[in-house]
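Structure data (mmCIF, C-alpha atoms) from data.cif:
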```
data_run
#
loop_
_atom_site.label_atom_id
_atom_site.label_comp_id
_atom_site.auth_asym_id
_atom_site.auth_seq_id
_atom_site.Cartn_x
_atom_site.Cartn_y
_atom_site.Cartn_z
CA PHE A 1 -2.04 69.07 2.68
CA PRO A 2 -4.02 72.08 1.39
CA ASP A 3 -4.87 72.06 -2.31
CA ASP A 4 -2.21 74.63 -3.23
CA THR A 5 0.50 72.68 -1.36
CA ALA A 6 -0.57 69.45 -3.06
CA MET A 7 -0.54 71.16 -6.46
CA LEU A 8 2.98 72.50 -5.91
CA GLY A 9 4.09 69.10 -4.68
CA GLY A 10 2.68 67.42 -7.78
CA ALA A 11 4.35 69.94 -10.07
CA GLY A 12 7.63 69.40 -8.24
CA TYR A 13 7.21 65.64 -8.68
CA VAL A 14 6.96 66.07 -12.45
CA ALA A 15 10.03 68.33 -12.40
CA VAL A 16 11.98 65.63 -10.53
CA MET A 17 10.88 63.10 -13.15
CA CYS A 18 12.09 65.33 -16.00
CA GLN A 19 15.43 65.95 -14.29
CA HIS A 20 16.10 62.25 -13.69
CA ILE A 21 15.11 61.26 -17.21
CA THR A 22 17.31 64.01 -18.68
CA GLY A 23 20.27 62.99 -16.50
CA GLY A 24 19.83 59.36 -17.49
CA LEU A 25 19.54 60.16 -21.19
CA LEU A 26 22.79 62.14 -21.09
CA CYS A 27 24.55 58.90 -20.16
CA VAL A 28 23.10 56.88 -23.05
CA PRO A 29 25.82 57.68 -25.65
CA SER A 30 28.57 56.43 -23.31
CA VAL A 31 26.73 53.45 -21.79
CA PHE A 32 25.65 52.08 -25.18
CA SER A 33 28.77 53.23 -27.09
CA LEU A 34 26.76 55.16 -29.68
CA THR A 35 29.08 55.89 -32.59
CA ILE A 36 27.20 59.05 -33.61
CA PHE A 37 29.02 60.82 -30.78
CA PRO A 38 32.81 61.06 -30.42
CA GLU A 39 33.92 59.23 -27.30
CA GLU A 40 35.07 62.45 -25.59
CA VAL A 41 31.65 64.02 -26.19
CA ALA A 42 29.84 60.94 -24.86
CA PHE A 43 31.96 61.00 -21.69
CA ALA A 44 31.35 64.72 -21.21
CA LEU A 45 27.59 64.25 -21.60
CA ALA A 46 27.60 61.53 -18.92
CA ARG A 47 29.53 63.78 -16.54
CA HIS A 48 26.97 66.52 -17.16
CA GLY A 49 24.21 64.00 -16.40
CA ALA A 50 25.80 63.38 -13.01
CA MET A 51 26.24 67.10 -12.34
CA ALA A 52 22.59 67.74 -13.25
CA GLU A 53 21.59 65.36 -10.46
CA THR A 54 23.93 67.00 -7.96
CA ALA A 55 22.73 70.49 -8.90
CA TRP A 56 19.12 69.44 -8.33
CA GLU A 57 20.01 67.89 -4.96
CA VAL A 58 21.84 71.01 -3.76
CA GLY A 59 18.98 73.21 -4.94
CA ASP A 60 16.41 70.96 -3.29
CA MET A 61 18.34 70.96 -0.02
CA ILE A 62 18.68 74.77 0.05
CA THR A 63 15.00 75.22 -0.83
CA ARG A 64 13.82 72.90 1.93
CA ILE A 65 16.10 74.47 4.55
CA TYR A 66 14.77 77.90 3.59
CA LYS A 67 11.15 76.73 3.83
CA ILE A 68 11.69 75.07 7.20
CA CYS A 69 13.43 78.13 8.64
CA PHE A 70 11.50 81.00 7.10
CA THR A 71 8.02 79.92 5.97
CA GLU A 72 4.91 79.24 8.00
CA ASP A 73 4.14 75.74 6.70
CA GLY A 74 7.74 74.72 6.00
CA ARG A 75 7.96 72.20 8.82
CA ARG A 76 4.55 70.75 8.03
CA SER A 77 5.39 70.20 4.36
CA ASN A 78 8.87 68.85 5.18
CA PRO A 79 8.42 66.35 8.03
CA ALA A 80 11.47 64.73 9.61
CA SER A 81 10.76 61.38 7.91
CA LEU A 82 10.82 63.00 4.46
CA ILE A 83 14.04 64.90 5.24
CA PHE A 84 15.67 61.66 6.40
CA ILE A 85 14.73 59.83 3.19
CA LEU A 86 15.92 62.73 1.03
CA ALA A 87 19.19 62.87 2.99
CA LEU A 88 19.82 59.20 2.15
CA HIS A 89 19.30 60.05 -1.51
CA HIS A 90 21.19 63.35 -1.67
CA VAL A 91 24.35 62.20 0.11
CA VAL A 92 25.55 60.23 -2.94
CA GLY A 93 25.49 63.13 -5.37
CA ILE A 94 26.81 65.67 -2.89
CA LEU A 95 29.70 63.49 -1.65
CA LEU A 96 30.69 61.50 -4.73
CA VAL A 97 29.84 63.17 -8.04
CA LEU A 98 32.59 65.80 -8.04
CA PRO A 99 35.46 63.42 -7.09
CA LEU A 100 34.17 60.66 -9.36
CA ASN A 101 33.84 63.11 -12.24
CA VAL A 102 37.48 64.06 -11.69
CA TYR A 103 38.96 60.57 -11.18
CA PHE A 104 36.43 58.36 -13.02
CA GLY A 105 35.01 60.83 -15.53
CA ASN A 106 35.81 58.53 -18.45
CA SER A 107 34.71 55.28 -16.76
CA LYS A 108 31.77 53.50 -18.34
CA LEU A 109 31.12 51.74 -15.04
CA TYR A 110 30.51 55.15 -13.46
CA HIS A 111 28.36 56.24 -16.38
CA GLU A 112 26.25 53.07 -16.17
CA GLY A 113 25.68 53.68 -12.47
CA ILE A 114 24.43 57.21 -13.18
CA PHE A 115 22.25 55.93 -16.02
CA LEU A 116 20.67 53.18 -13.91
CA LEU A 117 19.97 55.30 -10.82
CA GLN A 118 18.59 58.29 -12.66
CA GLY A 119 16.91 56.30 -15.41
CA ALA A 120 15.22 53.93 -12.97
CA ALA A 121 13.96 56.87 -10.90
CA GLY A 122 12.67 58.68 -13.98
CA VAL A 123 10.87 55.58 -15.26
CA ALA A 124 9.33 54.82 -11.86
CA ILE A 125 8.05 58.38 -11.37
CA CYS A 126 6.72 58.49 -14.92
CA CYS A 127 4.83 55.23 -14.37
CA GLN A 128 3.47 56.46 -11.04
CA CYS A 129 2.27 59.73 -12.56
CA TYR A 130 0.50 57.77 -15.29
CA GLY A 131 -0.96 55.46 -12.66
CA PHE A 132 -2.56 58.47 -10.95
CA THR A 133 -4.68 58.97 -14.09
CA LEU A 134 -6.13 55.43 -14.06
CA ASN A 135 -9.57 54.48 -12.79
CA LEU A 136 -9.13 51.15 -11.01
CA LYS A 137 -12.86 50.51 -11.16
CA LYS A 138 -12.34 49.70 -14.85
CA ASP A 139 -10.91 46.32 -15.82
CA SER A 140 -8.81 47.85 -18.61
CA ASP A 141 -7.18 50.36 -16.25
CA LEU A 142 -6.70 47.68 -13.60
CA THR A 143 -4.82 45.58 -16.15
CA GLN A 144 -2.61 48.56 -16.96
CA ILE A 145 -1.72 49.17 -13.30
CA LYS A 146 -0.82 45.50 -12.93
CA LEU A 147 1.52 45.72 -15.91
CA ILE A 148 3.00 48.97 -14.64
CA SER A 149 3.64 47.65 -11.14
CA THR A 150 5.28 44.51 -12.56
CA PHE A 151 7.47 46.59 -14.88
CA VAL A 152 8.53 49.01 -12.12
CA LEU A 153 9.38 46.15 -9.74
CA THR A 154 11.54 44.52 -12.43
CA VAL A 155 13.36 47.78 -13.16
CA MET A 156 13.93 48.44 -9.45
CA ILE A 157 15.32 44.98 -8.70
CA TYR A 158 17.66 45.06 -11.68
CA SER A 159 18.90 48.65 -11.40
CA ARG A 160 18.83 49.29 -7.64
CA PHE A 161 19.79 45.84 -6.37
CA TYR A 162 21.53 43.63 -8.90
CA ARG A 163 23.52 46.12 -11.02
CA PHE A 164 23.85 48.67 -8.21
CA GLY A 165 25.58 46.07 -6.06
CA ALA A 166 27.78 44.74 -8.87
CA LEU A 167 28.90 48.19 -10.02
CA GLY A 168 29.40 49.37 -6.45
CA ILE A 169 31.72 46.46 -5.67
CA GLU A 170 33.72 46.97 -8.89
CA VAL A 171 34.26 50.67 -8.21
CA TYR A 172 35.22 49.93 -4.60
CA TYR A 173 38.00 47.57 -5.67
CA ILE A 174 39.22 50.10 -8.22
CA LEU A 175 39.44 52.72 -5.47
CA LYS A 176 41.20 50.26 -3.17
CA SER A 177 43.75 49.36 -5.84
CA LYS A 178 44.85 52.97 -6.36
CA TYR A 179 46.85 54.39 -3.48
CA GLU A 180 46.15 58.00 -4.47
CA LEU A 181 42.38 57.37 -4.24
CA GLU A 182 42.26 55.58 -0.88
CA HIS A 183 41.18 58.79 0.86
CA LEU A 184 37.88 58.58 -1.04
CA ILE A 185 36.94 55.15 0.35
CA PRO A 186 35.28 56.35 3.63
CA PHE A 187 33.13 58.85 1.70
CA TYR A 188 32.34 56.20 -0.91
CA LEU A 189 31.24 53.65 1.72
CA LEU A 190 29.12 56.24 3.55
CA ALA A 191 27.38 57.35 0.36
CA MET A 192 26.87 53.81 -0.94
CA GLY A 193 25.51 52.69 2.43
CA ALA A 194 23.00 55.54 2.45
CA MET A 195 21.96 54.86 -1.14
CA SER A 196 21.63 51.13 -0.40
CA LEU A 197 19.13 51.93 2.35
CA PHE A 198 17.30 54.33 0.04
CA ASN A 199 17.21 51.65 -2.67
CA LEU A 200 15.81 49.17 -0.16
CA LEU A 201 12.96 51.55 0.66
CA LEU A 202 12.14 51.92 -3.03
CA ILE A 203 12.23 48.17 -3.66
CA VAL A 204 9.99 47.51 -0.65
CA ASP A 205 7.55 50.11 -2.00
CA ALA A 206 7.62 48.49 -5.46
CA VAL A 207 7.03 45.04 -3.93
CA SER A 208 4.14 46.45 -1.90
CA LYS A 209 2.47 47.90 -4.99
CA PHE A 210 3.07 44.71 -6.97
CA SER A 211 1.49 42.69 -4.16
CA LYS A 212 -1.43 45.11 -3.88
CA TYR A 213 -2.34 45.08 -7.56
CA CYS A 214 -1.14 41.70 -8.83
CA LEU A 215 -1.38 39.24 -5.95
CA ARG A 216 -4.65 40.27 -4.33
CA ARG A 217 -8.24 40.21 -5.50
CA ILE A 218 -9.52 43.71 -6.22
CA ASP A 219 -13.13 44.71 -6.74
CA SER A 220 -13.52 46.46 -10.07
CA ILE A 221 -16.51 47.86 -11.89
CA ASP A 222 -16.60 47.87 -15.65
CA GLU A 223 -19.61 49.15 -17.55
CA GLY A 224 -21.76 49.08 -14.42
CA LYS A 225 -21.07 45.40 -13.71
CA LYS A 226 -19.15 44.30 -10.60
CA VAL A 227 -16.54 41.66 -11.27
CA LYS A 228 -13.60 40.18 -9.45
CA ALA A 229 -10.10 40.79 -10.82
CA GLN A 230 -8.06 37.61 -10.58
#
```
Written as structure tokens, that's how I'd like the structure from this file.
Amino acid sequence: FPDDTAMLGGAGYVAVMCQHITGGLLCVPSVFSLTIFPEEVAFALARHGAMAETAWEVGDMITRIYKICFTEDGRRSNPASLIFILALHHVVGILLVLPLNVYFGNSKLYHEGIFLLQGAAGVAICCQCYGFTLNLKKDSDLTQIKLISTFVLTVMIYSRFYRFGALGIEVYYILKSKYELEHLIPFYLLAMGAMSLFNLLLIVDAVSKFSKYCLRRIDSIDEGKKVKAQ
């Protein structure tokens, strides 16, 4: 990409990080039952956290469609592979947030799911942005990237595999047990299937980075001396 496109992409990456962290933090009072907030306020904050994610997804989708259709480098900066990955991500918020806010707006299971997905994304992007500033030729920075990749992998496995699956199954059975909500099940399964594939891509990426930095020998240079990182 040209320098200006890369700069805009980097700035957008930081904006995505801020949005996900904000959305996750809005769920904290409900998920952790913080008594400094009335329960109704905590539930409302969590619903706003979900809506913040959906609003970003809708805005991102409209922006990318506009660039592809009406700008010179729109197709180059939005390749089909990227659009496919983003579609897997966006389908959950666009299909599920509004109905779940209406029918499950006071459910702590729902709030925990929002907190984990947005919080995990925010943490991972934050760690990656910090990793961009490290010089892996230094032993101290190499140690930091090892710790970061281990931390991110742990967060991804817990939030996007273990708890995602457990919460998803619980919500599915709640939907199935309520006759008036059965019409939501096809949309729920479609969205959860897409997000499961998206989660798998993220976990594979986290495993790849963990393997690259923690399981392989990397040449590093510290104070002009070449050493081997174990």
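Taking all atoms listed in the file into account, the residues near (2.8, 47.5, -10.9), no farther than 10 Å, are A:Ala124, A:Cys127, A:Gln128, A:Gly131, A:Leu142, A:Thr143, A:Gln144, A:Ile145, A:Lys146, A:Leu147, A:Ile148, A:Ser149, A:Thr150, A:Phe151, A:Val152, A:Leu153, A:Thr154, A:Ala206, A:Val207, A:Ser208, A:Lys209, A:Phe210, A:Ser211, A:Lys212, A:Tyr213, A:Cys214.
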With C-alpha atoms kept, could you save the residues just selected as a compact mmCIF listing (two decimals), in the frame of the given file?
```
# COMPACT_ATOMS: atom_id res chain seq x y z
CA ALA A 124 9.33 54.82 -11.86
CA CYS A 127 4.83 55.23 -14.37
CA GLN A 128 3.47 56.46 -11.04
CA GLY A 131 -0.96 55.46 -12.66
CA LEU A 142 -6.70 47.68 -13.60
CA THR A 143 -4.82 45.58 -16.15
CA GLN A 144 -2.61 48.56 -16.96
CA ILE A 145 -1.72 49.17 -13.30
CA LYS A 146 -0.82 45.50 -12.93
CA LEU A 147 1.52 45.72 -15.91
CA ILE A 148 3.00 48.97 -14.64
CA SER A 149 3.64 47.65 -11.14
CA THR A 150 5.28 44.51 -12.56
CA PHE A 151 7.47 46.59 -14.88
CA VAL A 152 8.53 49.01 -12.12
CA LEU A 153 9.38 46.15 -9.74
CA THR A 154 11.54 44.52 -12.43
CA ALA A 206 7.62 48.49 -5.46
CA VAL A 207 7.03 45.04 -3.93
CA SER A 208 4.14 46.45 -1.90
CA LYS A 209 2.47 47.90 -4.99
CA PHE A 210 3.07 44.71 -6.97
CA SER A 211 1.49 42.69 -4.16
CA LYS A 212 -1.43 45.11 -3.88
CA TYR A 213 -2.34 45.08 -7.56
CA CYS A 214 -1.14 41.70 -8.83
```
Residues of region 40-118 of chain A within 9 Å of region 183-190 of chain A: nearest atom pair and distance (Å, one decimal) for each, counting only C-alpha atoms, sorted by chain and number, as a Markdown table?
```
| residue | atom | partner | partner_atom | distance |
| --- | --- | --- | --- | --- |
| A:Val91 | CA | A:Leu190 | CA | 8.4 |
| A:Val92 | CA | A:Tyr188 | CA | 8.2 |
| A:Leu95 | CA | A:Phe187 | CA | 6.7 |
| A:Leu96 | CA | A:Tyr188 | CA | 6.7 |
| A:Pro99 | CA | A:Leu184 | CA | 8.1 |
```
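The interatomic distance for the pair CA of Val171 (chain A) and CA of Cys126 (chain A) works out to 29.4 Å.
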Requested in this report: Determine the residue set returned by the PyMOL selection byres ((chain A and resi 111) around 7) for the present structure, and present it as a VMD selection string.
Outcome: chain A and resid 27 30 to 31 46 107 to 110 112 to 115
Report task. Could you check which of A:Ile203, A:Leu26, A:Ile83, A:Leu181 is closest to Gln118 (chain A), using all atoms listed in the file? Result ->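 Going through A:Ile203, A:Leu26, A:Ile83, A:Leu181 one by one, the smallest distance to Gln118 (chain A) is for A:Leu26.
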Query raised in the report: So which residues get picked by the PyMOL selection byres ((chain A and resi 55) around 12) here, written as a ChimeraX atom specification?
Result: /A:16,19-20,23,48-54,56-62,90,93-94,97-98
Can you check which parts of region 107-187 of chain A lie within 12 Å of region 8-11 of chain A? Per residue, the shortest pair of atoms and distance in Å to one decimal, counting only C-alpha atoms, sorted by chain and number, as a tab-separated table.
```
residue	atom	partner	partner_atom	distance
A:Ile125	CA	A:Gly10	CA	11.1
A:Gln128	CA	A:Gly10	CA	11.5
A:Cys129	CA	A:Gly10	CA	9.1
A:Phe132	CA	A:Gly10	CA	10.8
```
Could region 112-127 of chain A be completed with N, CA and C atoms and returned as a CSV table (one decimal), in the coordinates of the input?
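File written: out07.csv
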```csv
chain,number,residue,atom,x,y,z
A,112,GLU,N,27.4,54.0,-16.3
A,112,GLU,CA,26.2,53.1,-16.2
A,112,GLU,C,25.5,53.2,-14.8
A,113,GLY,N,26.3,53.5,-13.8
A,113,GLY,CA,25.7,53.7,-12.5
A,113,GLY,C,24.8,54.9,-12.5
A,114,ILE,N,25.2,56.0,-13.1
A,114,ILE,CA,24.4,57.2,-13.2
A,114,ILE,C,23.2,56.9,-14.0
A,115,PHE,N,23.4,56.2,-15.1
A,115,PHE,CA,22.2,55.9,-16.0
A,115,PHE,C,21.2,55.1,-15.3
A,116,LEU,N,21.6,54.1,-14.6
A,116,LEU,CA,20.7,53.2,-13.9
A,116,LEU,C,19.9,53.9,-12.8
A,117,LEU,N,20.6,54.6,-11.9
A,117,LEU,CA,20.0,55.3,-10.8
A,117,LEU,C,19.0,56.4,-11.3
A,118,GLN,N,19.5,57.2,-12.2
A,118,GLN,CA,18.6,58.3,-12.7
A,118,GLN,C,17.5,57.8,-13.6
A,119,GLY,N,17.9,56.9,-14.5
A,119,GLY,CA,16.9,56.3,-15.4
A,119,GLY,C,15.8,55.5,-14.7
A,120,ALA,N,16.2,54.7,-13.7
A,120,ALA,CA,15.2,53.9,-13.0
A,120,ALA,C,14.3,54.9,-12.2
A,121,ALA,N,14.8,55.9,-11.6
A,121,ALA,CA,14.0,56.9,-10.9
A,121,ALA,C,13.0,57.6,-11.9
A,122,GLY,N,13.5,58.0,-13.0
A,122,GLY,CA,12.7,58.7,-14.0
A,122,GLY,C,11.5,57.8,-14.5
A,123,VAL,N,11.9,56.5,-14.8
A,123,VAL,CA,10.9,55.6,-15.3
A,123,VAL,C,9.8,55.3,-14.2
A,124,ALA,N,10.3,55.1,-12.9
A,124,ALA,CA,9.3,54.8,-11.9
A,124,ALA,C,8.4,56.0,-11.6
A,125,ILE,N,8.9,57.2,-11.6
A,125,ILE,CA,8.0,58.4,-11.4
A,125,ILE,C,7.1,58.6,-12.5
A,126,CYS,N,7.6,58.4,-13.7
A,126,CYS,CA,6.7,58.5,-14.9
A,126,CYS,C,5.6,57.5,-14.8
A,127,CYS,N,5.9,56.3,-14.5
A,127,CYS,CA,4.8,55.2,-14.4
A,127,CYS,C,3.8,55.6,-13.3
```
